[in-house]
file protein-v6.pdb (PDB, C-alpha atoms)
ATOM      1  CA  MET A   4     129.154  65.021 -70.209
ATOM      2  CA  GLY A   5     127.630  61.557 -69.929
ATOM      3  CA  LYS A   6     129.546  58.443 -70.832
ATOM      4  CA  LEU A   7     127.057  57.675 -73.611
ATOM      5  CA  ASP A   8     126.355  61.147 -74.964
ATOM      6  CA  GLY A   9     125.185  60.950 -78.556
ATOM      7  CA  ARG A  10     124.802  57.168 -78.553
ATOM      8  CA  VAL A  11     121.637  55.321 -79.598
ATOM      9  CA  VAL A  12     121.151  52.018 -77.760
ATOM     10  CA  ILE A  13     118.477  49.318 -77.862
ATOM     11  CA  VAL A  14     117.817  47.543 -74.542
ATOM     12  CA  THR A  15     115.649  44.422 -74.561
ATOM     13  CA  GLY A  16     113.635  43.181 -71.607
ATOM     14  CA  ALA A  17     113.585  46.791 -70.443
ATOM     15  CA  ALA A  18     110.231  46.850 -68.660
ATOM     16  CA  ARG A  19     111.602  45.675 -65.313
ATOM     17  CA  GLY A  20     114.586  44.164 -63.520
ATOM     18  CA  GLN A  21     118.051  44.440 -65.022
ATOM     19  CA  GLY A  22     116.797  45.783 -68.348
ATOM     20  CA  GLU A  23     114.870  48.603 -66.694
ATOM     21  CA  GLN A  24     117.916  49.649 -64.685
ATOM     22  CA  GLU A  25     120.122  49.468 -67.779
ATOM     23  CA  ALA A  26     117.711  51.684 -69.709
ATOM     24  CA  ARG A  27     117.526  54.176 -66.844
ATOM     25  CA  LEU A  28     121.297  54.335 -66.379
ATOM     26  CA  PHE A  29     122.060  54.586 -70.092
ATOM     27  CA  ALA A  30     119.560  57.418 -70.484
ATOM     28  CA  ALA A  31     121.049  59.193 -67.456
ATOM     29  CA  GLU A  32     124.474  58.886 -69.105
ATOM     30  CA  GLY A  33     123.274  60.668 -72.226
ATOM     31  CA  ALA A  34     122.128  57.855 -74.513
ATOM     32  CA  ARG A  35     118.961  57.858 -76.546
ATOM     33  CA  VAL A  36     117.354  54.561 -75.630
ATOM     34  CA  LEU A  37     114.838  52.303 -77.327
ATOM     35  CA  LEU A  38     113.229  50.092 -74.692
ATOM     36  CA  GLY A  39     111.848  46.790 -75.940
ATOM     37  CA  ASP A  40     109.762  44.214 -74.082
ATOM     38  CA  VAL A  41     106.597  42.142 -74.226
ATOM     39  CA  LEU A  42     105.341  43.669 -70.948
ATOM     40  CA  ASP A  43     103.838  46.623 -72.744
ATOM     41  CA  ASP A  44     102.122  48.428 -69.859
ATOM     42  CA  GLN A  45     105.216  48.310 -67.687
ATOM     43  CA  GLY A  46     107.539  49.173 -70.548
ATOM     44  CA  ARG A  47     105.499  52.168 -71.594
ATOM     45  CA  ALA A  48     105.374  53.345 -67.979
ATOM     46  CA  VAL A  49     109.170  53.240 -67.662
ATOM     47  CA  ALA A  50     109.624  54.998 -71.001
ATOM     48  CA  GLY A  51     107.014  57.590 -70.066
ATOM     49  CA  GLU A  52     108.746  58.344 -66.801
ATOM     50  CA  LEU A  53     112.103  58.752 -68.517
ATOM     51  CA  ALA A  54     110.570  60.913 -71.247
ATOM     52  CA  ALA A  55     109.023  63.179 -68.624
ATOM     53  CA  ASP A  56     112.414  63.613 -66.938
ATOM     54  CA  LEU A  57     114.700  63.779 -69.973
ATOM     55  CA  GLY A  58     112.522  64.689 -72.942
ATOM     56  CA  SER A  59     110.441  62.705 -75.394
ATOM     57  CA  ASP A  60     113.269  62.780 -77.936
ATOM     58  CA  ARG A  61     115.448  60.645 -75.666
ATOM     59  CA  VAL A  62     113.404  57.471 -75.182
ATOM     60  CA  ARG A  63     110.960  55.254 -77.037
ATOM     61  CA  TYR A  64     109.200  52.015 -76.171
ATOM     62  CA  VAL A  65     108.331  49.263 -78.658
ATOM     63  CA  HIS A  66     106.758  45.867 -78.266
ATOM     64  CA  LEU A  67     109.627  43.450 -78.876
ATOM     65  CA  ASP A  68     109.352  39.688 -78.633
ATOM     66  CA  VAL A  69     113.039  38.903 -79.071
ATOM     67  CA  GLY A  70     112.248  35.485 -80.539
ATOM     68  CA  SER A  71     110.359  37.112 -83.425
ATOM     69  CA  GLU A  72     112.368  38.211 -86.449
ATOM     70  CA  GLY A  73     109.545  40.498 -87.498
ATOM     71  CA  ASP A  74     109.611  42.277 -84.148
ATOM     72  CA  TRP A  75     113.359  42.854 -84.502
ATOM     73  CA  THR A  76     112.888  44.363 -87.952
ATOM     74  CA  ALA A  77     110.242  46.706 -86.560
ATOM     75  CA  ALA A  78     112.344  47.637 -83.519
ATOM     76  CA  VAL A  79     115.370  48.549 -85.637
ATOM     77  CA  ALA A  80     113.169  50.677 -87.902
ATOM     78  CA  ALA A  81     111.601  52.388 -84.875
ATOM     79  CA  ALA A  82     114.990  53.207 -83.351
ATOM     80  CA  LYS A  83     116.295  54.674 -86.599
ATOM     81  CA  ASP A  84     113.109  56.657 -87.160
ATOM     82  CA  ALA A  85     113.099  58.058 -83.625
ATOM     83  CA  PHE A  86     116.780  58.808 -83.208
ATOM     84  CA  GLY A  87     118.169  60.120 -86.460
ATOM     85  CA  GLY A  88     118.735  57.009 -88.516
ATOM     86  CA  ARG A  89     121.519  55.367 -86.511
ATOM     87  CA  ILE A  90     122.067  52.731 -83.835
ATOM     88  CA  ASP A  91     125.297  52.526 -81.824
ATOM     89  CA  GLY A  92     124.666  49.800 -79.282
ATOM     90  CA  LEU A  93     122.579  46.869 -78.165
ATOM     91  CA  VAL A  94     122.019  45.243 -74.789
ATOM     92  CA  ASN A  95     120.535  41.766 -75.267
ATOM     93  CA  ASN A  96     118.998  41.521 -71.812
ATOM     94  CA  ALA A  97     115.644  39.775 -72.330
ATOM     95  CA  GLY A  98     115.465  36.273 -70.914
ATOM     96  CA  ILE A  99     113.268  33.753 -69.129
ATOM     97  CA  LEU A 100     113.992  31.205 -66.407
ATOM     98  CA  ARG A 101     112.180  27.973 -65.581
ATOM     99  CA  PHE A 102     113.030  25.502 -62.815
ATOM    100  CA  ASN A 103     112.732  21.839 -63.721
ATOM    101  CA  GLU A 104     114.635  18.580 -63.584
ATOM    102  CA  LEU A 105     116.027  17.786 -67.029
ATOM    103  CA  THR A 106     114.193  14.488 -67.410
ATOM    104  CA  ALA A 107     110.935  16.168 -66.391
ATOM    105  CA  THR A 108     111.299  19.164 -68.702
ATOM    106  CA  PRO A 109     108.677  19.213 -71.478
ATOM    107  CA  LEU A 110     110.108  19.747 -74.937
ATOM    108  CA  ALA A 111     107.894  22.791 -75.407
ATOM    109  CA  GLU A 112     109.328  24.398 -72.278
ATOM    110  CA  PHE A 113     112.908  23.749 -73.389
ATOM    111  CA  GLN A 114     112.161  25.178 -76.837
ATOM    112  CA  GLN A 115     110.507  28.262 -75.349
ATOM    113  CA  ILE A 116     113.610  29.046 -73.296
ATOM    114  CA  VAL A 117     115.855  28.517 -76.318
ATOM    115  CA  GLN A 118     113.632  30.787 -78.417
ATOM    116  CA  VAL A 119     113.904  33.702 -75.991
ATOM    117  CA  ASN A 120     117.359  33.358 -74.455
ATOM    118  CA  GLN A 121     119.401  31.961 -77.324
ATOM    119  CA  ILE A 122     117.588  32.760 -80.549
ATOM    120  CA  GLY A 123     116.609  36.157 -79.147
ATOM    121  CA  ALA A 124     120.278  37.082 -78.674
ATOM    122  CA  PHE A 125     121.148  35.742 -82.126
ATOM    123  CA  LEU A 126     118.403  37.756 -83.812
ATOM    124  CA  GLY A 127     119.469  40.886 -81.960
ATOM    125  CA  ILE A 128     123.019  40.532 -83.226
ATOM    126  CA  LYS A 129     121.846  39.640 -86.729
ATOM    127  CA  HIS A 130     119.605  42.660 -87.122
ATOM    128  CA  VAL A 131     121.407  45.320 -85.090
ATOM    129  CA  ALA A 132     125.078  44.650 -85.880
ATOM    130  CA  PRO A 133     124.789  45.867 -89.502
ATOM    131  CA  GLU A 134     123.243  49.109 -88.234
ATOM    132  CA  ILE A 135     126.029  49.578 -85.685
ATOM    133  CA  ALA A 136     128.600  48.969 -88.408
ATOM    134  CA  ALA A 137     126.896  51.547 -90.629
ATOM    135  CA  ALA A 138     127.155  54.054 -87.780
ATOM    136  CA  GLY A 139     130.919  53.532 -87.634
ATOM    137  CA  GLY A 140     131.045  50.946 -84.872
ATOM    138  CA  GLY A 141     129.806  50.412 -81.344
ATOM    139  CA  THR A 142     129.001  47.712 -78.847
ATOM    140  CA  ILE A 143     126.848  44.688 -78.153
ATOM    141  CA  VAL A 144     126.396  43.393 -74.615
ATOM    142  CA  ASN A 145     124.785  39.983 -74.255
ATOM    143  CA  THR A 146     123.349  38.680 -71.005
ATOM    144  CA  SER A 147     124.515  35.191 -70.136
ATOM    145  CA  SER A 148     124.648  33.777 -66.588
ATOM    146  CA  TYR A 149     127.090  32.159 -64.220
ATOM    147  CA  THR A 150     125.056  28.996 -64.821
ATOM    148  CA  GLY A 151     126.272  29.076 -68.409
ATOM    149  CA  LEU A 152     129.829  28.709 -67.110
ATOM    150  CA  THR A 153     129.376  26.297 -64.209
ATOM    151  CA  GLY A 154     125.996  24.618 -64.519
ATOM    152  CA  MET A 155     123.313  24.455 -61.843
ATOM    153  CA  ALA A 156     120.839  21.720 -61.008
ATOM    154  CA  PHE A 157     117.196  22.184 -62.055
ATOM    155  CA  VAL A 158     117.871  24.950 -64.606
ATOM    156  CA  GLY A 159     119.138  22.773 -67.453
ATOM    157  CA  ALA A 160     117.395  24.559 -70.310
ATOM    158  CA  TYR A 161     118.330  27.967 -68.938
ATOM    159  CA  ALA A 162     121.977  26.998 -68.361
ATOM    160  CA  ALA A 163     122.228  25.499 -71.843
ATOM    161  CA  THR A 164     120.991  28.683 -73.468
ATOM    162  CA  LYS A 165     123.274  30.847 -71.370
ATOM    163  CA  ALA A 166     126.289  28.708 -72.297
ATOM    164  CA  ALA A 167     125.242  29.188 -75.919
ATOM    165  CA  VAL A 168     125.174  32.958 -75.412
ATOM    166  CA  VAL A 169     128.823  32.875 -74.285
ATOM    167  CA  GLY A 170     129.777  30.950 -77.422
ATOM    168  CA  LEU A 171     127.732  33.303 -79.579
ATOM    169  CA  THR A 172     129.438  36.287 -77.949
ATOM    170  CA  ARG A 173     132.911  34.974 -78.752
ATOM    171  CA  VAL A 174     132.081  34.220 -82.379
ATOM    172  CA  ALA A 175     130.373  37.592 -82.849
ATOM    173  CA  ALA A 176     133.379  39.366 -81.331
ATOM    174  CA  LEU A 177     135.689  37.656 -83.827
ATOM    175  CA  GLU A 178     133.488  38.308 -86.827
ATOM    176  CA  LEU A 179     132.554  41.900 -85.981
ATOM    177  CA  ALA A 180     135.889  43.279 -84.764
ATOM    178  CA  ALA A 181     136.812  44.393 -88.276
ATOM    179  CA  ARG A 182     133.634  46.485 -88.309
ATOM    180  CA  ASN A 183     134.648  48.212 -85.058
ATOM    181  CA  ILE A 184     132.014  46.411 -82.999
ATOM    182  CA  ARG A 185     132.928  45.046 -79.586
ATOM    183  CA  VAL A 186     130.836  42.173 -78.202
ATOM    184  CA  ASN A 187     130.934  41.016 -74.590
ATOM    185  CA  ALA A 188     128.755  39.031 -72.199
ATOM    186  CA  MET A 189     127.656  39.556 -68.629
ATOM    187  CA  CYS A 190     127.276  36.475 -66.418
ATOM    188  CA  PRO A 191     125.239  37.478 -63.362
ATOM    189  CA  GLY A 192     124.737  35.230 -60.383
ATOM    190  CA  ALA A 193     121.681  35.655 -58.177
ATOM    191  CA  VAL A 194     120.165  39.090 -58.785
ATOM    192  CA  ASP A 195     117.126  40.376 -56.927
ATOM    193  CA  THR A 196     114.710  40.658 -59.841
ATOM    194  CA  PRO A 197     111.250  39.201 -60.490
ATOM    195  CA  MET A 198     112.760  36.546 -62.778
ATOM    196  CA  ALA A 199     114.978  35.120 -60.046
ATOM    197  CA  ASN A 200     112.598  35.929 -57.197
ATOM    198  CA  PRO A 201     108.957  35.610 -58.386
ATOM    199  CA  ALA A 202     107.744  36.631 -54.934
ATOM    200  CA  LEU A 203     108.553  40.200 -55.979
ATOM    201  CA  LEU A 204     105.577  40.014 -58.357
ATOM    202  CA  ASP A 205     103.112  39.594 -55.493
ATOM    203  CA  PRO A 206     101.023  42.811 -55.314
ATOM    204  CA  ASP A 207     101.691  42.921 -51.582
ATOM    205  CA  GLY A 208     105.378  42.154 -52.029
ATOM    206  CA  PRO A 209     107.220  39.062 -50.790
ATOM    207  CA  SER A 210     106.309  37.830 -47.337
ATOM    208  CA  ALA A 211     108.676  38.451 -44.448
ATOM    209  CA  GLU A 212     109.268  34.699 -44.237
ATOM    210  CA  ALA A 213     110.192  34.438 -47.916
ATOM    211  CA  THR A 214     112.457  37.462 -47.696
ATOM    212  CA  GLU A 215     114.247  36.054 -44.668
ATOM    213  CA  ALA A 216     114.648  32.625 -46.284
ATOM    214  CA  MET A 217     116.185  34.119 -49.429
ATOM    215  CA  ALA A 218     118.502  36.307 -47.375
ATOM    216  CA  GLU A 219     119.688  33.316 -45.356
ATOM    217  CA  LEU A 220     120.314  31.308 -48.523
ATOM    218  CA  TYR A 221     122.519  33.984 -50.048
ATOM    219  CA  LYS A 222     124.385  34.485 -46.790
ATOM    220  CA  ARG A 223     125.380  30.823 -46.993
ATOM    221  CA  VAL A 224     126.331  30.530 -50.665
ATOM    222  CA  VAL A 225     127.496  34.013 -51.724
ATOM    223  CA  PRO A 226     130.775  35.276 -50.218
ATOM    224  CA  LEU A 227     129.493  38.855 -50.228
ATOM    225  CA  GLY A 228     126.475  37.586 -48.322
ATOM    226  CA  ARG A 229     123.609  38.838 -50.487
ATOM    227  CA  ALA A 230     121.977  38.754 -53.891
ATOM    228  CA  GLY A 231     123.053  41.287 -56.450
ATOM    229  CA  ARG A 232     121.042  44.373 -57.259
ATOM    230  CA  PRO A 233     119.890  45.042 -60.831
ATOM    231  CA  GLU A 234     121.545  48.448 -60.812
ATOM    232  CA  GLU A 235     124.889  46.740 -60.153
ATOM    233  CA  VAL A 236     124.478  44.681 -63.324
ATOM    234  CA  ALA A 237     123.458  47.866 -65.148
ATOM    235  CA  ARG A 238     126.755  49.483 -64.181
ATOM    236  CA  LEU A 239     128.640  46.549 -65.716
ATOM    237  CA  ALA A 240     126.578  46.933 -68.894
ATOM    238  CA  LEU A 241     127.503  50.627 -68.930
ATOM    239  CA  PHE A 242     131.210  49.803 -68.550
ATOM    240  CA  LEU A 243     131.053  47.367 -71.464
ATOM    241  CA  THR A 244     129.171  49.902 -73.611
ATOM    242  CA  ALA A 245     131.261  52.963 -72.815
ATOM    243  CA  GLU A 246     134.813  53.787 -73.913
ATOM    244  CA  ASP A 247     136.085  52.629 -70.510
ATOM    245  CA  SER A 248     136.217  49.122 -72.020
ATOM    246  CA  SER A 249     137.577  50.128 -75.429
ATOM    247  CA  TYR A 250     140.129  47.261 -75.602
ATOM    248  CA  ILE A 251     137.817  44.501 -74.371
ATOM    249  CA  THR A 252     135.860  42.187 -76.645
ATOM    250  CA  GLY A 253     134.758  38.559 -76.738
ATOM    251  CA  GLN A 254     134.774  38.140 -72.956
ATOM    252  CA  PRO A 255     132.310  36.809 -70.355
ATOM    253  CA  PHE A 256     132.227  38.946 -67.199
ATOM    254  CA  VAL A 257     131.043  37.184 -64.043
ATOM    255  CA  ILE A 258     129.169  39.398 -61.582
ATOM    256  CA  ASP A 259     128.035  37.109 -58.773
ATOM    257  CA  GLY A 260     129.308  38.346 -55.422
ATOM    258  CA  GLY A 261     132.016  35.690 -55.477
ATOM    259  CA  TRP A 262     129.640  32.732 -55.773
ATOM    260  CA  THR A 263     131.764  30.987 -58.408
ATOM    261  CA  ALA A 264     135.141  32.000 -56.961
ATOM    262  CA  GLY A 265     135.632  28.504 -55.580
ATOM    263  CA  VAL A 266     134.272  26.753 -58.670
ATOM    264  CA  SER A 267     136.417  25.765 -61.651
ATOM    265  CA  VAL A 268     135.288  27.860 -64.623
ATOM    266  CA  LEU A 269     136.678  27.039 -68.072
TER     267      LEU A 269
END
call {"tool": "encode", "arguments": {"input": "protein-v6.pdb", "output": "structure tokens"}}
result
Amino acid sequence: MGKLDGRVVIVTGAARGQGEQEARLFAAEGARVLLGDVLDDQGRAVAGELAADLGSDRVRYVHLDVGSEGDWTAAVAAAKDAFGGRIDGLVNNAGILRFNELTATPLAEFQQIVQVNQIGAFLGIKHVAPEIAAAGGGTIVNTSSYTGLTGMAFVGAYAATKAAVVGLTRVAALELAARNIRVNAMCPGAVDTPMANPALLDPDGPSAEATEAMAELYKRVVPLGRAGRPEEVARLALFLTAEDSSYITGQPFVIDGGWTAGVSVL
């Protein structure tokens, strides 16, 4: 018996990184998973691999730009069509990160980050929550960041959107509790994914020098001495989606190796 047997879950940003690991773990735990992303080749490859292992009736991939209301409508329809007309859960994972000083940030860049990270989460809740309620209840897991709780220089737009996701999570938890929907947020610190470490996108992989420099940085600032792994975040998403967390809603969960343990977090 898997922890998610019989559940239907949408995972956004599922082509790589945290979203890919969440989709893989949820499928391994018995869920039927709709993977959404804008990286279509990679997303289809992940879905194809899972379908080959678990069966084509267990996974689907759809193009999903989370900032597009039309794409959300299509994704919900695809999930219901593929998996028996119901949806039980959502993981709002898709997000983008840009490094820039606030006063040097172009308006278009700030708006792009808001569109994906903040509006994307809002649209996911707006379109999927009614389906979860119709199925009798379920879960929504939003992806925030420790920067949304503490701030961090040179990621102003990103931190602002992630703080907004925490607020959105709390309001959604209050409004949706009566419909038997739990809503929580994950707040990862540094996680070794292409978003946080673009060197991973190099066809030859990150250089030895870059790898060593990143490792030394995390040894200095993270009490556990390393960056997180995407599969570790996936396990938190599983906990918040499964019945293990049945009395938890409206909460931000920090998963950062202790990075913020010495920082005041409201």
call {"tool": "atom_distance", "arguments": {"input": "protein-v6.pdb", "atom1": "CA of Ser147 in chain A", "atom2": "CA of Leu53 in chain A"}}
result
26.7 Å
call {"tool": "resolve_selection", "arguments": {"input": "protein-v6.pdb", "expression": "the PyMOL selection byres ((chain A and resi 160-169) around 10)", "output": "PyMOL selection string"}}
result
chain A and resi 95+98-105+108+110+112-125+145-159+170-175+187-190+253-256
call {"tool": "atom_distance", "arguments": {"input": "protein-v6.pdb", "atom1": "CA of Arg185 in chain A", "atom2": "CA of Ile143 in chain A"}}
result
6.3 Å
call {"tool": "residues_around", "arguments": {"input": "protein-v6.pdb", "residues": "Phe86 in chain A", "least_positions_apart": "5", "cutoff": "8 Å", "atoms": "all atoms listed in the file", "output": "list in words"}}
result
Val11, Arg35, Asp60 and Arg61 of chain A
call {"tool": "write_last_selection", "arguments": {"input": "protein-v6.pdb", "atoms": "C-alpha atoms", "output": "PDB file, in the frame of the given file"}}
result
ATOM      1  CA  VAL A  11     121.637  55.321 -79.598  1.00  0.00           C
ATOM      2  CA  ARG A  35     118.961  57.858 -76.546  1.00  0.00           C
ATOM      3  CA  ASP A  60     113.269  62.780 -77.936  1.00  0.00           C
ATOM      4  CA  ARG A  61     115.448  60.645 -75.666  1.00  0.00           C
TER       5      ARG A  61
END
call {"tool": "closest_residue", "arguments": {"input": "protein-v6.pdb", "among": "A:Pro191, A:Gly141, A:Gly265, A:Pro133", "to": "Arg232 in chain A", "atoms": "only C-alpha atoms"}}
result
A:Pro191
call {"tool": "closest_residue", "arguments": {"input": "protein-v6.pdb", "among": "A:Ala80, A:Ala264, A:Ala237, A:Met217", "to": "Ala17 in chain A", "atoms": "only C-alpha atoms"}}
result
A:Ala237
call {"tool": "atom_distance", "arguments": {"input": "protein-v6.pdb", "atom1": "CA of Ala199 in chain A", "atom2": "CA of Leu243 in chain A"}}
result
23.2 Å
call {"tool": "closest_residue", "arguments": {"input": "protein-v6.pdb", "among": "A:Ala34, A:Ala77, A:Ala138, A:Ala26", "to": "Met4 in chain A", "atoms": "all atoms listed in the file"}}
result
A:Ala34
call {"tool": "resolve_selection", "arguments": {"input": "protein-v6.pdb", "expression": "the PyMOL selection byres ((chain A and resi 75) around 12)", "output": "MDAnalysis selection string"}}
result
chainID A and resid 13:15 37 39:40 65:74 76:82 93 95 122:132
call {"tool": "write_last_selection", "arguments": {"input": "protein-v6.pdb", "atoms": "C-alpha atoms", "output": "PDB file, keeping the file's coordinate frame"}}
result
ATOM      1  CA  ILE A  13     118.477  49.318 -77.862  1.00  0.00           C
ATOM      2  CA  VAL A  14     117.817  47.543 -74.542  1.00  0.00           C
ATOM      3  CA  THR A  15     115.649  44.422 -74.561  1.00  0.00           C
ATOM      4  CA  LEU A  37     114.838  52.303 -77.327  1.00  0.00           C
ATOM      5  CA  GLY A  39     111.848  46.790 -75.940  1.00  0.00           C
ATOM      6  CA  ASP A  40     109.762  44.214 -74.082  1.00  0.00           C
ATOM      7  CA  VAL A  65     108.331  49.263 -78.658  1.00  0.00           C
ATOM      8  CA  HIS A  66     106.758  45.867 -78.266  1.00  0.00           C
ATOM      9  CA  LEU A  67     109.627  43.450 -78.876  1.00  0.00           C
ATOM     10  CA  ASP A  68     109.352  39.688 -78.633  1.00  0.00           C
ATOM     11  CA  VAL A  69     113.039  38.903 -79.071  1.00  0.00           C
ATOM     12  CA  GLY A  70     112.248  35.485 -80.539  1.00  0.00           C
ATOM     13  CA  SER A  71     110.359  37.112 -83.425  1.00  0.00           C
ATOM     14  CA  GLU A  72     112.368  38.211 -86.449  1.00  0.00           C
ATOM     15  CA  GLY A  73     109.545  40.498 -87.498  1.00  0.00           C
ATOM     16  CA  ASP A  74     109.611  42.277 -84.148  1.00  0.00           C
ATOM     17  CA  THR A  76     112.888  44.363 -87.952  1.00  0.00           C
ATOM     18  CA  ALA A  77     110.242  46.706 -86.560  1.00  0.00           C
ATOM     19  CA  ALA A  78     112.344  47.637 -83.519  1.00  0.00           C
ATOM     20  CA  VAL A  79     115.370  48.549 -85.637  1.00  0.00           C
ATOM     21  CA  ALA A  80     113.169  50.677 -87.902  1.00  0.00           C
ATOM     22  CA  ALA A  81     111.601  52.388 -84.875  1.00  0.00           C
ATOM     23  CA  ALA A  82     114.990  53.207 -83.351  1.00  0.00           C
ATOM     24  CA  LEU A  93     122.579  46.869 -78.165  1.00  0.00           C
ATOM     25  CA  ASN A  95     120.535  41.766 -75.267  1.00  0.00           C
ATOM     26  CA  ILE A 122     117.588  32.760 -80.549  1.00  0.00           C
ATOM     27  CA  GLY A 123     116.609  36.157 -79.147  1.00  0.00           C
ATOM     28  CA  ALA A 124     120.278  37.082 -78.674  1.00  0.00           C
ATOM     29  CA  PHE A 125     121.148  35.742 -82.126  1.00  0.00           C
ATOM     30  CA  LEU A 126     118.403  37.756 -83.812  1.00  0.00           C
ATOM     31  CA  GLY A 127     119.469  40.886 -81.960  1.00  0.00           C
ATOM     32  CA  ILE A 128     123.019  40.532 -83.226  1.00  0.00           C
ATOM     33  CA  LYS A 129     121.846  39.640 -86.729  1.00  0.00           C
ATOM     34  CA  HIS A 130     119.605  42.660 -87.122  1.00  0.00           C
ATOM     35  CA  VAL A 131     121.407  45.320 -85.090  1.00  0.00           C
ATOM     36  CA  ALA A 132     125.078  44.650 -85.880  1.00  0.00           C
TER      37      ALA A 132
END
call {"tool": "closest_residue", "arguments": {"input": "protein-v6.pdb", "among": "A:Thr106, A:Ser210, A:Ser59, A:Ser249", "to": "Ala85 in chain A", "atoms": "all atoms listed in the file"}}
result
A:Ser59
call {"tool": "residues_around", "arguments": {"input": "protein-v6.pdb", "residues": "Gly140 in chain A", "least_positions_apart": "4", "cutoff": "10 Å", "atoms": "only C-alpha atoms", "output": "list in words"}}
result
Ile90, Asp91, Gly92, Ala132, Pro133, Glu134, Ile135, Ala136, Leu179, Ala180, Ala181, Arg182, Asn183, Ile184 and Arg185 of chain A
call {"tool": "residues_around", "arguments": {"input": "protein-v6.pdb", "residues": "Met198 in chain A", "least_positions_apart": "3", "cutoff": "12 Å", "atoms": "all atoms listed in the file", "output": "list of chain:residue names"}}
result
A:Gly16, A:Arg19, A:Gly20, A:Gln21, A:Gly22, A:Ala97, A:Gly98, A:Ile99, A:Leu100, A:Arg101, A:Phe102, A:Tyr161, A:Ala193, A:Val194, A:Asp195, A:Pro201, A:Ala202, A:Leu203, A:Leu204, A:Pro233
call {"tool": "closest_residue", "arguments": {"input": "protein-v6.pdb", "among": "A:Gly33, A:Ala50, A:Arg63, A:Val186", "to": "Tyr250 in chain A", "atoms": "only C-alpha atoms"}}
result
A:Val186
call {"tool": "closest_residue", "arguments": {"input": "protein-v6.pdb", "among": "A:Pro197, A:Gly260, A:Gly87, A:Pro109", "to": "Gly9 in chain A", "atoms": "only C-alpha atoms"}}
result
A:Gly87
call {"tool": "axis_aligned_box", "arguments": {"input": "protein-v6.pdb", "around": "range 112-120 of chain A", "padding_each_side": "8 Å", "output": "AutoDock Vina command-line options"}}
result
--center_x 113.3 --center_y 28.7 --center_z -75.3 --size_x 24.0 --size_y 26.0 --size_z 22.1
call {"tool": "resolve_selection", "arguments": {"input": "protein-v6.pdb", "expression": "the PyMOL selection byres ((chain A and resi 261) around 7)", "output": "list in words"}}
result
Val225, Pro226, Leu227, Asp259, Gly260, Trp262, Thr263 and Ala264 of chain A
call {"tool": "decode", "arguments": {"input": "protein-v6.pdb", "residues": "range 152-156 of chain A", "atoms": "all heavy atoms", "output": "compact mmCIF listing (two decimals), in the first residue's frame"}}
result
# COMPACT_ATOMS: atom_id res chain seq x y z
N LEU A 152 10.53 34.30 4.24
CA LEU A 152 10.39 34.47 5.68
C LEU A 152 11.45 35.39 6.26
O LEU A 152 11.22 36.08 7.26
CB LEU A 152 10.47 33.11 6.39
CG LEU A 152 9.41 32.08 6.00
CD1 LEU A 152 9.73 30.74 6.65
CD2 LEU A 152 8.02 32.54 6.38
N THR A 153 12.63 35.41 5.65
CA THR A 153 13.75 36.17 6.21
C THR A 153 14.28 37.27 5.31
O THR A 153 14.91 38.20 5.79
CB THR A 153 14.94 35.23 6.51
OG1 THR A 153 15.46 34.74 5.26
CG2 THR A 153 14.49 34.05 7.35
N GLY A 154 14.04 37.16 4.02
CA GLY A 154 14.67 38.08 3.08
C GLY A 154 16.08 37.63 2.72
O GLY A 154 16.71 36.85 3.44
N MET A 155 16.56 38.10 1.58
CA MET A 155 17.92 37.78 1.13
C MET A 155 18.29 38.80 0.08
O MET A 155 17.50 39.09 -0.83
CB MET A 155 17.99 36.36 0.56
CG MET A 155 19.38 35.95 0.09
SD MET A 155 19.39 34.25 -0.53
CE MET A 155 21.12 34.12 -1.05
N ALA A 156 19.47 39.37 0.21
CA ALA A 156 19.91 40.40 -0.73
C ALA A 156 19.98 39.83 -2.15
O ALA A 156 20.33 38.67 -2.37
CB ALA A 156 21.27 40.94 -0.32
